[in-house]
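Containing compact mmCIF, C-alpha atoms: target_1.txt.
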```txt
# COMPACT_ATOMS: atom_id res chain seq x y z
CA MET B 1 10.86 0.24 -23.72
CA ILE B 2 11.64 0.51 -20.03
CA TYR B 3 9.08 3.27 -19.37
CA LEU B 4 6.29 1.18 -20.84
CA GLN B 5 7.31 -1.68 -18.53
CA ILE B 6 7.38 0.69 -15.55
CA PHE B 7 3.96 1.95 -16.53
CA ILE B 8 2.50 -1.57 -16.75
CA ALA B 9 4.18 -2.68 -13.51
CA PHE B 10 2.45 0.08 -11.55
CA PHE B 11 -0.74 0.40 -13.58
CA ILE B 12 -1.79 -3.17 -12.67
CA PRO B 13 -1.51 -2.59 -8.89
CA GLY B 14 -3.13 0.84 -9.36
CA VAL B 15 -6.29 -0.57 -10.93
CA LEU B 16 -6.51 -3.91 -9.09
CA GLY B 17 -5.44 -3.03 -5.56
CA TYR B 18 -8.71 -2.89 -3.66
CA GLY B 19 -8.46 -1.71 -0.06
CA GLY B 20 -6.14 1.27 -0.47
CA GLY B 21 -2.40 1.53 -0.96
CA PRO B 22 -1.29 -1.35 1.31
CA SER B 23 -3.18 -3.82 -0.90
CA SER B 24 -0.90 -2.84 -3.77
CA ILE B 25 2.21 -4.07 -1.86
CA PRO B 26 1.95 -7.71 -3.04
CA LEU B 27 0.83 -6.67 -6.52
CA VAL B 28 3.86 -4.39 -6.90
CA GLU B 29 6.10 -7.18 -5.57
CA GLU B 30 4.69 -9.56 -8.17
CA GLU B 31 5.71 -7.20 -11.00
CA VAL B 32 8.93 -5.72 -9.64
CA VAL B 33 10.51 -8.83 -8.08
CA GLN B 34 8.87 -11.83 -9.79
CA ASN B 35 7.97 -10.53 -13.22
CA TYR B 36 10.59 -7.94 -14.24
CA GLY B 37 13.33 -8.87 -11.75
CA TRP B 38 14.25 -5.23 -11.10
CA MET B 39 14.84 -6.00 -7.45
CA THR B 40 15.67 -8.93 -5.21
CA SER B 41 13.32 -9.94 -2.44
CA GLN B 42 15.84 -8.50 0.05
CA GLU B 43 15.88 -5.12 -1.70
CA PHE B 44 12.10 -5.08 -1.81
CA ALA B 45 12.07 -5.74 1.95
CA GLU B 46 14.32 -2.70 2.43
CA VAL B 47 11.92 -0.59 0.38
CA LEU B 48 9.06 -1.72 2.62
CA ALA B 49 11.15 -1.09 5.76
CA PHE B 50 11.93 2.50 4.80
CA GLY B 51 8.42 2.95 3.45
CA ASN B 52 7.00 1.94 6.83
CA ALA B 53 9.49 4.10 8.72
CA LEU B 54 8.45 7.22 6.78
CA PRO B 55 5.03 8.88 6.90
CA GLY B 56 2.62 9.18 3.97
CA PRO B 57 0.85 6.78 1.61
CA ILE B 58 2.81 3.58 0.96
CA ALA B 59 1.88 2.89 -2.68
CA THR B 60 3.26 6.20 -3.95
CA LYS B 61 6.47 5.89 -1.91
CA MET B 62 7.10 2.44 -3.43
CA ALA B 63 6.27 3.66 -6.94
CA GLY B 64 8.32 6.85 -6.61
CA TYR B 65 11.42 5.05 -5.37
CA ILE B 66 11.28 1.94 -7.57
CA GLY B 67 10.47 4.04 -10.66
CA PHE B 68 13.50 6.21 -9.85
CA GLU B 69 15.78 3.19 -9.40
CA VAL B 70 14.70 1.65 -12.69
CA GLY B 71 14.24 4.72 -14.89
CA GLY B 72 15.52 7.88 -13.17
CA ILE B 73 13.31 10.90 -12.53
CA PHE B 74 11.12 10.24 -15.55
CA GLY B 75 10.76 6.62 -14.45
CA SER B 76 9.64 7.86 -11.06
CA VAL B 77 7.05 10.17 -12.64
CA VAL B 78 5.73 7.34 -14.85
CA ALA B 79 5.47 4.92 -11.89
CA VAL B 80 3.67 7.42 -9.64
CA GLY B 81 1.38 8.50 -12.49
CA ALA B 82 0.46 4.90 -13.26
CA THR B 83 -0.28 4.31 -9.57
CA VAL B 84 -2.35 7.41 -8.93
CA LEU B 85 -4.00 8.62 -12.13
CA PRO B 86 -6.23 5.72 -13.30
CA SER B 87 -8.32 5.54 -10.15
CA LEU B 88 -8.20 9.30 -9.56
CA MET B 89 -9.51 9.99 -13.08
CA LEU B 90 -12.31 7.49 -12.55
CA MET B 91 -13.14 9.24 -9.31
CA VAL B 92 -13.19 12.71 -10.89
CA PHE B 93 -15.18 11.73 -13.99
CA LEU B 94 -17.51 9.12 -12.54
CA ALA B 95 -18.22 10.50 -9.08
CA GLY B 96 -21.90 10.96 -9.95
CA VAL B 97 -22.38 7.42 -11.24
CA LEU B 98 -20.32 5.87 -8.45
CA TYR B 99 -22.31 7.76 -5.88
CA LYS B 100 -25.35 5.68 -6.82
CA MET B 101 -23.40 2.43 -6.69
CA LYS B 102 -21.53 2.89 -3.44
CA GLY B 103 -23.98 1.12 -1.18
CA THR B 104 -24.83 -1.77 -3.49
CA LYS B 105 -24.18 -5.39 -2.68
CA LYS B 106 -22.01 -5.84 -5.78
CA PHE B 107 -19.21 -3.72 -4.39
CA GLU B 108 -19.50 -5.28 -1.01
CA THR B 109 -19.04 -8.72 -2.61
CA LEU B 110 -16.15 -7.43 -4.66
CA THR B 111 -14.14 -6.08 -1.72
CA THR B 112 -15.03 -9.04 0.49
CA LEU B 113 -13.68 -11.48 -2.10
CA ILE B 114 -10.58 -9.50 -3.04
CA ARG B 115 -9.36 -9.02 0.53
CA PRO B 116 -8.52 -12.72 1.15
CA VAL B 117 -6.62 -12.76 -2.16
CA ILE B 118 -4.52 -9.78 -1.06
CA ALA B 119 -4.10 -11.41 2.36
CA ILE B 120 -2.67 -14.59 0.82
CA LEU B 121 -0.27 -12.60 -1.35
CA LEU B 122 0.92 -10.61 1.66
CA GLY B 123 1.29 -13.79 3.71
CA VAL B 124 3.40 -15.43 1.00
CA ILE B 125 5.77 -12.43 0.87
CA ALA B 126 6.07 -12.43 4.67
CA PHE B 127 6.88 -16.16 4.52
CA ASP B 128 9.59 -15.48 1.91
CA PHE B 129 11.09 -12.80 4.15
CA PHE B 130 11.15 -15.13 7.16
CA ALA B 131 12.64 -17.98 5.13
CA GLY B 132 15.35 -15.68 3.76
CA SER B 133 16.09 -14.37 7.23
CA PHE B 134 16.44 -17.88 8.72
CA VAL B 135 19.15 -18.55 6.13
CA GLU B 136 20.90 -15.14 6.36
CA SER B 137 20.66 -14.31 10.05
CA GLY B 138 20.07 -17.71 11.65
CA THR B 139 17.14 -19.12 13.60
CA VAL B 140 17.85 -17.44 16.93
CA HIS B 141 18.13 -13.86 15.67
CA THR B 142 15.16 -14.28 13.33
CA VAL B 143 12.90 -15.63 16.07
CA ILE B 144 13.99 -12.90 18.51
CA LEU B 145 13.33 -10.17 15.92
CA MET B 146 9.95 -11.66 14.97
CA ALA B 147 8.78 -12.05 18.56
CA ALA B 148 10.10 -8.66 19.70
CA SER B 149 8.56 -6.72 16.83
CA PHE B 150 5.24 -8.53 17.18
CA VAL B 151 5.04 -7.74 20.90
CA MET B 152 6.09 -4.11 20.31
CA LEU B 153 3.51 -3.58 17.57
CA LYS B 154 0.53 -5.51 18.93
CA LYS B 155 0.93 -5.47 22.69
CA PHE B 156 2.54 -2.11 23.38
CA ASN B 157 1.32 -0.27 20.26
CA ILE B 158 4.77 1.15 19.65
CA HIS B 159 5.01 3.40 16.61
CA PRO B 160 5.93 1.33 13.49
CA ALA B 161 8.76 3.75 12.64
CA LEU B 162 10.37 2.99 16.02
CA VAL B 163 9.95 -0.76 15.53
CA ILE B 164 11.77 -0.46 12.18
CA VAL B 165 14.52 1.51 13.92
CA PHE B 166 14.74 -1.29 16.50
CA GLY B 167 15.28 -3.82 13.68
CA LEU B 168 17.96 -1.60 12.11
CA VAL B 169 19.82 -1.08 15.39
CA TYR B 170 19.56 -4.76 16.38
CA GLY B 171 20.96 -5.72 12.98
CA ALA B 172 23.77 -3.14 13.10
CA ILE B 173 24.97 -4.43 16.47
CA LEU B 174 24.26 -8.15 16.41
CA LEU B 175 24.12 -9.28 12.76
CA MET W 1 -6.57 28.96 -1.78
CA GLN W 2 -3.93 26.87 -3.59
CA MET W 3 -1.58 27.53 -0.67
CA LYS W 4 -4.20 26.26 1.75
CA ILE W 5 -4.81 23.14 -0.36
CA PHE W 6 -1.09 22.50 -0.45
CA TRP W 7 -0.65 23.00 3.29
CA ALA W 8 -3.66 20.82 4.20
CA PHE W 9 -2.49 17.82 2.16
CA PHE W 10 1.17 18.36 2.96
CA LYS W 11 0.25 17.80 6.61
CA VAL W 12 -1.75 14.69 5.70
CA GLY W 13 1.26 13.28 3.84
CA MET W 14 3.79 14.09 6.54
CA LEU W 15 1.81 13.10 9.63
CA GLY W 16 0.14 9.86 8.56
CA TYR W 17 1.76 6.55 9.36
CA GLY W 18 0.80 3.06 8.29
CA GLY W 19 -0.11 3.84 4.70
CA GLY W 20 -2.98 5.80 3.22
CA PRO W 21 -6.01 4.15 4.86
CA ALA W 22 -4.58 5.04 8.27
CA SER W 23 -4.42 8.71 7.23
CA ILE W 24 -8.12 9.09 6.41
CA PRO W 25 -8.89 10.74 9.80
CA LEU W 26 -6.17 13.31 9.05
CA VAL W 27 -7.85 14.23 5.76
CA HIS W 28 -11.16 14.52 7.61
CA LYS W 29 -9.60 16.84 10.17
CA GLU W 30 -8.16 19.21 7.54
CA VAL W 31 -11.04 19.17 5.08
CA VAL W 32 -14.02 19.17 7.43
CA ASP W 33 -12.75 20.69 10.70
CA THR W 34 -9.89 23.05 9.84
CA TYR W 35 -10.78 24.45 6.41
CA GLU W 36 -14.48 23.55 6.22
CA TRP W 37 -14.29 22.73 2.50
CA MET W 38 -16.83 19.97 2.97
CA THR W 39 -19.51 19.04 5.42
CA ASP W 40 -19.10 15.80 7.32
CA GLU W 41 -21.71 14.20 5.08
CA GLU W 42 -20.01 15.31 1.85
CA PHE W 43 -16.76 13.91 3.17
CA GLN W 44 -18.33 10.55 4.04
CA ASP W 45 -19.83 10.40 0.54
CA SER W 46 -16.48 11.15 -1.10
CA LEU W 47 -14.86 8.47 1.02
CA ALA W 48 -17.53 5.95 0.08
CA ILE W 49 -17.03 6.71 -3.62
CA ALA W 50 -13.25 6.40 -3.23
CA ASN W 51 -13.73 3.01 -1.59
CA VAL W 52 -15.67 1.71 -4.58
CA LEU W 53 -12.57 2.26 -6.71
CA PRO W 54 -9.24 0.42 -6.56
CA GLY W 55 -5.86 2.06 -5.97
CA PRO W 56 -4.40 4.17 -3.17
CA ILE W 57 -7.07 5.93 -1.14
CA ILE W 58 -5.34 9.15 -0.06
CA THR W 59 -4.46 10.25 -3.58
CA LYS W 60 -8.06 9.67 -4.68
CA LEU W 61 -9.40 11.76 -1.79
CA ALA W 62 -6.78 14.51 -2.11
CA GLY W 63 -7.14 14.69 -5.89
CA TYR W 64 -10.93 14.70 -5.82
CA ILE W 65 -11.18 17.32 -3.09
CA GLY W 66 -8.55 19.48 -4.81
CA PHE W 67 -10.49 19.12 -8.07
CA VAL W 68 -13.84 20.03 -6.52
CA LYS W 69 -12.33 23.11 -4.88
CA LYS W 70 -9.96 24.45 -7.53
CA GLY W 71 -10.14 22.40 -10.76
CA TRP W 72 -7.27 20.52 -12.40
CA LEU W 73 -4.57 22.66 -10.82
CA GLY W 74 -6.12 22.13 -7.40
CA MET W 75 -6.13 18.38 -8.05
CA LEU W 76 -2.47 18.31 -9.04
CA ASN W 77 -1.54 20.55 -6.13
CA ALA W 78 -3.35 18.39 -3.54
CA VAL W 79 -1.95 15.09 -4.84
CA LEU W 80 1.63 16.35 -5.06
CA ALA W 81 1.42 17.94 -1.60
CA ALA W 82 0.32 14.60 -0.16
CA ILE W 83 2.88 12.36 -1.88
CA LEU W 84 5.92 14.30 -3.13
CA PRO W 85 7.65 15.13 0.18
CA THR W 86 7.72 11.50 1.32
CA ILE W 87 8.77 10.21 -2.13
CA ILE W 88 11.78 12.54 -2.02
CA LEU W 89 12.61 11.48 1.55
CA MET W 90 12.28 7.84 0.52
CA ILE W 91 14.68 8.20 -2.43
CA ALA W 92 17.18 10.19 -0.33
CA LEU W 93 17.15 7.70 2.55
CA LEU W 94 17.46 4.59 0.39
CA LYS W 95 20.22 6.19 -1.69
CA LEU W 96 22.13 7.06 1.48
CA PHE W 97 21.60 3.51 2.71
CA ALA W 98 22.89 2.04 -0.57
CA GLU W 99 25.94 4.31 -0.38
CA PHE W 100 27.18 2.59 2.80
CA LYS W 101 25.99 -0.88 2.00
CA ASP W 102 29.41 -2.52 1.95
CA LEU W 103 29.96 -1.62 5.61
CA ASP W 104 29.33 -4.62 7.86
CA TRP W 105 27.00 -2.90 10.26
CA VAL W 106 24.89 -1.46 7.44
CA GLN W 107 24.60 -4.99 6.02
CA GLY W 108 23.48 -6.02 9.51
CA MET W 109 20.81 -3.31 9.45
CA SER W 110 19.39 -4.56 6.19
CA HIS W 111 19.23 -8.11 7.57
CA GLY W 112 17.79 -7.07 10.92
CA VAL W 113 14.90 -5.23 9.39
CA ILE W 114 13.58 -8.12 7.30
CA PRO W 115 11.84 -10.16 10.02
CA VAL W 116 10.35 -6.90 11.34
CA VAL W 117 8.85 -6.09 7.93
CA GLY W 118 7.66 -9.72 7.73
CA VAL W 119 5.76 -9.30 11.01
CA MET W 120 4.21 -6.06 9.73
CA LEU W 121 3.00 -7.89 6.62
CA ILE W 122 1.55 -10.70 8.76
CA ILE W 123 -0.37 -8.12 10.81
CA LEU W 124 -1.59 -6.55 7.57
CA THR W 125 -2.59 -10.03 6.33
CA TYR W 126 -4.69 -10.56 9.43
CA GLU W 127 -6.31 -7.13 9.09
CA PHE W 128 -7.32 -7.88 5.51
CA LEU W 129 -8.88 -11.20 6.56
CA GLU W 130 -10.63 -9.57 9.49
CA LYS W 131 -12.13 -6.85 7.30
CA ALA W 132 -13.35 -9.47 4.84
CA LYS W 133 -14.81 -11.42 7.74
CA ALA W 134 -16.88 -8.41 8.83
CA LYS W 135 -19.07 -9.01 5.74
CA THR W 136 -19.27 -12.80 5.82
CA THR W 137 -18.35 -15.78 8.00
CA TRP W 138 -14.96 -17.16 9.07
CA ARG W 139 -15.94 -20.47 7.49
CA PHE W 140 -16.36 -18.87 4.10
CA ILE W 141 -13.21 -16.77 4.49
CA ILE W 142 -11.11 -19.81 5.42
CA LEU W 143 -12.38 -21.88 2.49
CA PHE W 144 -11.98 -19.00 0.09
CA THR W 145 -8.49 -18.24 1.42
CA ILE W 146 -7.43 -21.86 0.89
CA LEU W 147 -8.79 -21.70 -2.66
CA SER W 148 -6.90 -18.43 -3.31
CA PHE W 149 -3.75 -19.99 -1.88
CA LEU W 150 -4.02 -22.95 -4.29
CA LEU W 151 -4.55 -20.66 -7.27
CA LEU W 152 -1.91 -18.06 -6.41
CA ALA W 153 0.85 -19.93 -4.60
CA VAL W 154 0.54 -23.54 -5.80
CA LEU W 155 -0.63 -23.05 -9.39
CA ASP W 156 1.19 -19.69 -9.54
CA ILE W 157 -1.56 -17.90 -11.44
CA HIS W 158 -0.96 -14.15 -11.83
CA PRO W 159 -2.91 -12.24 -9.14
CA ALA W 160 -4.27 -9.86 -11.79
CA ILE W 161 -6.15 -12.76 -13.41
CA VAL W 162 -7.63 -13.92 -10.10
CA ILE W 163 -8.71 -10.39 -9.20
CA LEU W 164 -10.20 -9.73 -12.64
CA VAL W 165 -12.26 -12.92 -12.37
CA ILE W 166 -13.55 -11.77 -8.99
CA VAL W 167 -14.37 -8.31 -10.39
CA ALA W 168 -16.27 -9.84 -13.32
CA PHE W 169 -18.08 -12.30 -11.05
CA SER W 170 -19.10 -9.61 -8.56
CA LEU W 171 -20.28 -7.04 -11.07
CA PHE W 172 -22.17 -9.23 -13.50
CA ARG W 173 -23.93 -11.66 -11.27
CA LYS W 174 -27.42 -11.14 -9.95
CA GLU W 175 -27.88 -9.57 -6.53
CA GLY W 176 -27.63 -12.04 -3.72
CA ARG W 177 -25.57 -13.37 -0.93
CA ILE W 178 -22.02 -14.67 -1.12
```
Translate this file's structure into structure tokens.
Amino acid sequence: MIYLQIFIAFFIPGVLGYGGGPSSIPLVEEEVVQNYGWMTSQEFAEVLAFGNALPGPIATKMAGYIGFEVGGIFGSVVAVGATVLPSLMLMVFLAGVLYKMKGTKKFETLTTLIRPVIAILLGVIAFDFFAGSFVESGTVHTVILMAASFVMLKKFNIHPALVIVFGLVYGAILL
Amino acid sequence: MQMKIFWAFFKVGMLGYGGGPASIPLVHKEVVDTYEWMTDEEFQDSLAIANVLPGPIITKLAGYIGFVKKGWLGMLNAVLAAILPTIILMIALLKLFAEFKDLDWVQGMSHGVIPVVGVMLIILTYEFLEKAKAKTTWRFIILFTILSFLLLAVLDIHPAIVILVIVAFSLFRKEGRI
């Protein structure tokens, strides 16, 4: 039952990813790469690269594309539905109740504790990407790409889409 | 009205970079300034409610605002307007990319982009830690991060279990400080 698997793979990030779409990146990776093995780490990196180069919410782009790869158009619909609908339905039906809870300490604790967990998961994926790149592209190219993209993003505030294009062009010419 | 809802959230989807949370000001601009569907206060309340819930933020906001304005059809319209165009672009681009993957220079592209994405994830990692820090101390964050690292990376416990434990702990304990 591939559609059930797709549903579960995106339902988990959809209901546990606190902090908006980007927090679902490592949770999706856990299911898609580690758990179901639908993609290699390299392919997942490409999904993130194109996802960051295009506008719009990241979680739905990942779900839409990965769902399509694994299960065609219906797979894409299932993945996006599992990402979007659970929290949206809660929002629509429970807005009144949630309105009373929004300022409470409980939710502050919740988000404060979940953020470091997401951070670790993101950091581990980044580490995997770097390790893979050291093997594939060599130390020199990897360090140049890391340093250049960091400086472009943090120091010069260059648009992320352009920084991705830089990585693509650098790779096309030199790797 | 449905056309306006579509156009408003289509713009949000096509103009926002850096994932949903970065697009919140765009939603504010359309919903409060351009179309005046909500007052600033109503918008802030909707945003606060959306933040209490997990999952992508833009689809919650778009769907909720679409629902409040025009019912279920408005909800569907707003969500699809925000996400569908970029999903289609994403599939088209990656398919095109896969088509030429045996070419050397396209291989090079896919290798070149990996450290760049890695750096983006590291920046995101730092932003998550910084936001957590805003509500507590670095000391606590560092200790808690080390603990999470042991559980997730060393013991390889599924993140869903760790997050569920945190959810249970946060919701059922008595009020107090971390």
Next on the checklist: Using all atoms listed in the file for the distances, tell me which of W:Val162, W:Pro54, W:Phe169, W:Met120 is nearest to Val15 of chain B.
Outcome noted: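 Closest to Val15 of chain B of all the choices is W:Pro54.
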Item to check | Residue hits in chain W, query chain B, radius 7 Å, only C-alpha atoms, as a ChimeraX atom specification | outcome: /W:13-21,48-50,52-60,63-64,83,86-87,90-91,105-106,108-119,121-122,125,128-129,132,135,145,148-149,160,163,166-167,170-171,175,178
Checklist entry - Expressed in Å to a single decimal, how great is the separation between atom CA of Glu41 of chain W and atom CA of Trp7 of chain W? => result 22.9 Å
Checklist entry - In Å to one decimal, how far is atom CA of Met1 of chain W from atom CA of Tyr35 of chain W? => result 10.3 Å
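Our summary of the geometry notes that atom CA of Phe7 of chain B is positioned 27.9 Å from atom CA of Lys70 of chain W.
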Since fewer atoms than expected are present, regenerate N, CA and C atoms for segment 123-154 of chain W and write them as an mmCIF file, in the frame of the given file.
```
data_model
loop_
_atom_site.group_PDB
_atom_site.id
_atom_site.type_symbol
_atom_site.label_atom_id
_atom_site.label_comp_id
_atom_site.auth_asym_id
_atom_site.auth_seq_id
_atom_site.Cartn_x
_atom_site.Cartn_y
_atom_site.Cartn_z
ATOM 1 N N ILE W 123 0.690 -8.888 10.145
ATOM 2 C CA ILE W 123 -0.370 -8.120 10.810
ATOM 3 C C ILE W 123 -1.345 -7.567 9.760
ATOM 4 N N LEU W 124 -0.768 -7.065 8.671
ATOM 5 C CA LEU W 124 -1.590 -6.550 7.570
ATOM 6 C C LEU W 124 -2.454 -7.673 6.974
ATOM 7 N N THR W 125 -1.868 -8.863 6.837
ATOM 8 C CA THR W 125 -2.590 -10.030 6.330
ATOM 9 C C THR W 125 -3.820 -10.299 7.198
ATOM 10 N N TYR W 126 -3.594 -10.296 8.510
ATOM 11 C CA TYR W 126 -4.690 -10.560 9.430
ATOM 12 C C TYR W 126 -5.772 -9.483 9.324
ATOM 13 N N GLU W 127 -5.329 -8.220 9.189
ATOM 14 C CA GLU W 127 -6.310 -7.130 9.090
ATOM 15 C C GLU W 127 -7.175 -7.261 7.836
ATOM 16 N N PHE W 128 -6.546 -7.682 6.740
ATOM 17 C CA PHE W 128 -7.320 -7.880 5.510
ATOM 18 C C PHE W 128 -8.357 -8.987 5.692
ATOM 19 N N LEU W 129 -7.941 -10.090 6.340
ATOM 20 C CA LEU W 129 -8.880 -11.200 6.560
ATOM 21 C C LEU W 129 -10.000 -10.776 7.500
ATOM 22 N N GLU W 130 -9.638 -9.999 8.522
ATOM 23 C CA GLU W 130 -10.630 -9.570 9.490
ATOM 24 C C GLU W 130 -11.667 -8.656 8.849
ATOM 25 N N LYS W 131 -11.195 -7.757 7.965
ATOM 26 C CA LYS W 131 -12.130 -6.850 7.300
ATOM 27 C C LYS W 131 -13.057 -7.630 6.366
ATOM 28 N N ALA W 132 -12.521 -8.642 5.700
ATOM 29 C CA ALA W 132 -13.350 -9.470 4.840
ATOM 30 C C ALA W 132 -14.374 -10.215 5.687
ATOM 31 N N LYS W 133 -13.946 -10.642 6.845
ATOM 32 C CA LYS W 133 -14.810 -11.420 7.740
ATOM 33 C C LYS W 133 -16.013 -10.588 8.211
ATOM 34 N N ALA W 134 -15.807 -9.279 8.363
ATOM 35 C CA ALA W 134 -16.880 -8.410 8.830
ATOM 36 C C ALA W 134 -18.129 -8.537 7.942
ATOM 37 N N LYS W 135 -17.939 -8.927 6.671
ATOM 38 C CA LYS W 135 -19.070 -9.010 5.740
ATOM 39 C C LYS W 135 -19.544 -10.438 5.499
ATOM 40 N N THR W 136 -18.835 -11.429 6.033
ATOM 41 C CA THR W 136 -19.270 -12.800 5.820
ATOM 42 C C THR W 136 -18.858 -13.638 7.030
ATOM 43 N N THR W 137 -18.687 -14.945 6.844
ATOM 44 C CA THR W 137 -18.350 -15.780 8.000
ATOM 45 C C THR W 137 -16.893 -16.247 7.919
ATOM 46 N N TRP W 138 -16.319 -16.617 9.068
ATOM 47 C CA TRP W 138 -14.960 -17.160 9.070
ATOM 48 C C TRP W 138 -14.869 -18.404 8.197
ATOM 49 N N ARG W 139 -15.924 -19.245 8.277
ATOM 50 C CA ARG W 139 -15.940 -20.470 7.490
ATOM 51 C C ARG W 139 -15.732 -20.188 6.009
ATOM 52 N N PHE W 140 -16.495 -19.218 5.502
ATOM 53 C CA PHE W 140 -16.360 -18.870 4.100
ATOM 54 C C PHE W 140 -14.964 -18.299 3.809
ATOM 55 N N ILE W 141 -14.517 -17.410 4.692
ATOM 56 C CA ILE W 141 -13.210 -16.770 4.490
ATOM 57 C C ILE W 141 -12.097 -17.823 4.443
ATOM 58 N N ILE W 142 -12.167 -18.795 5.374
ATOM 59 C CA ILE W 142 -11.110 -19.810 5.420
ATOM 60 C C ILE W 142 -11.118 -20.655 4.145
ATOM 61 N N LEU W 143 -12.286 -21.093 3.726
ATOM 62 C CA LEU W 143 -12.380 -21.880 2.490
ATOM 63 C C LEU W 143 -11.892 -21.080 1.284
ATOM 64 N N PHE W 144 -12.346 -19.830 1.228
ATOM 65 C CA PHE W 144 -11.980 -19.000 0.090
ATOM 66 C C PHE W 144 -10.481 -18.684 0.094
ATOM 67 N N THR W 145 -9.927 -18.522 1.302
ATOM 68 C CA THR W 145 -8.490 -18.240 1.420
ATOM 69 C C THR W 145 -7.672 -19.447 0.959
ATOM 70 N N ILE W 146 -8.137 -20.648 1.329
ATOM 71 C CA ILE W 146 -7.430 -21.860 0.890
ATOM 72 C C ILE W 146 -7.475 -21.963 -0.642
ATOM 73 N N LEU W 147 -8.649 -21.674 -1.202
ATOM 74 C CA LEU W 147 -8.790 -21.700 -2.660
ATOM 75 C C LEU W 147 -7.846 -20.683 -3.309
ATOM 76 N N SER W 148 -7.794 -19.458 -2.762
ATOM 77 C CA SER W 148 -6.900 -18.430 -3.310
ATOM 78 C C SER W 148 -5.450 -18.883 -3.208
ATOM 79 N N PHE W 149 -5.119 -19.526 -2.078
ATOM 80 C CA PHE W 149 -3.750 -19.990 -1.880
ATOM 81 C C PHE W 149 -3.369 -20.998 -2.969
ATOM 82 N N LEU W 150 -4.295 -21.945 -3.252
ATOM 83 C CA LEU W 150 -4.020 -22.950 -4.290
ATOM 84 C C LEU W 150 -3.792 -22.277 -5.638
ATOM 85 N N LEU W 151 -4.663 -21.318 -5.975
ATOM 86 C CA LEU W 151 -4.550 -20.660 -7.270
ATOM 87 C C LEU W 151 -3.277 -19.822 -7.376
ATOM 88 N N LEU W 152 -2.989 -19.047 -6.325
ATOM 89 C CA LEU W 152 -1.910 -18.060 -6.410
ATOM 90 C C LEU W 152 -0.537 -18.649 -6.104
ATOM 91 N N ALA W 153 -0.459 -19.462 -5.054
ATOM 92 C CA ALA W 153 0.850 -19.930 -4.600
ATOM 93 C C ALA W 153 1.205 -21.295 -5.194
ATOM 94 N N VAL W 154 0.225 -22.197 -5.292
ATOM 95 C CA VAL W 154 0.540 -23.540 -5.800
ATOM 96 C C VAL W 154 0.530 -23.556 -7.327
#
```
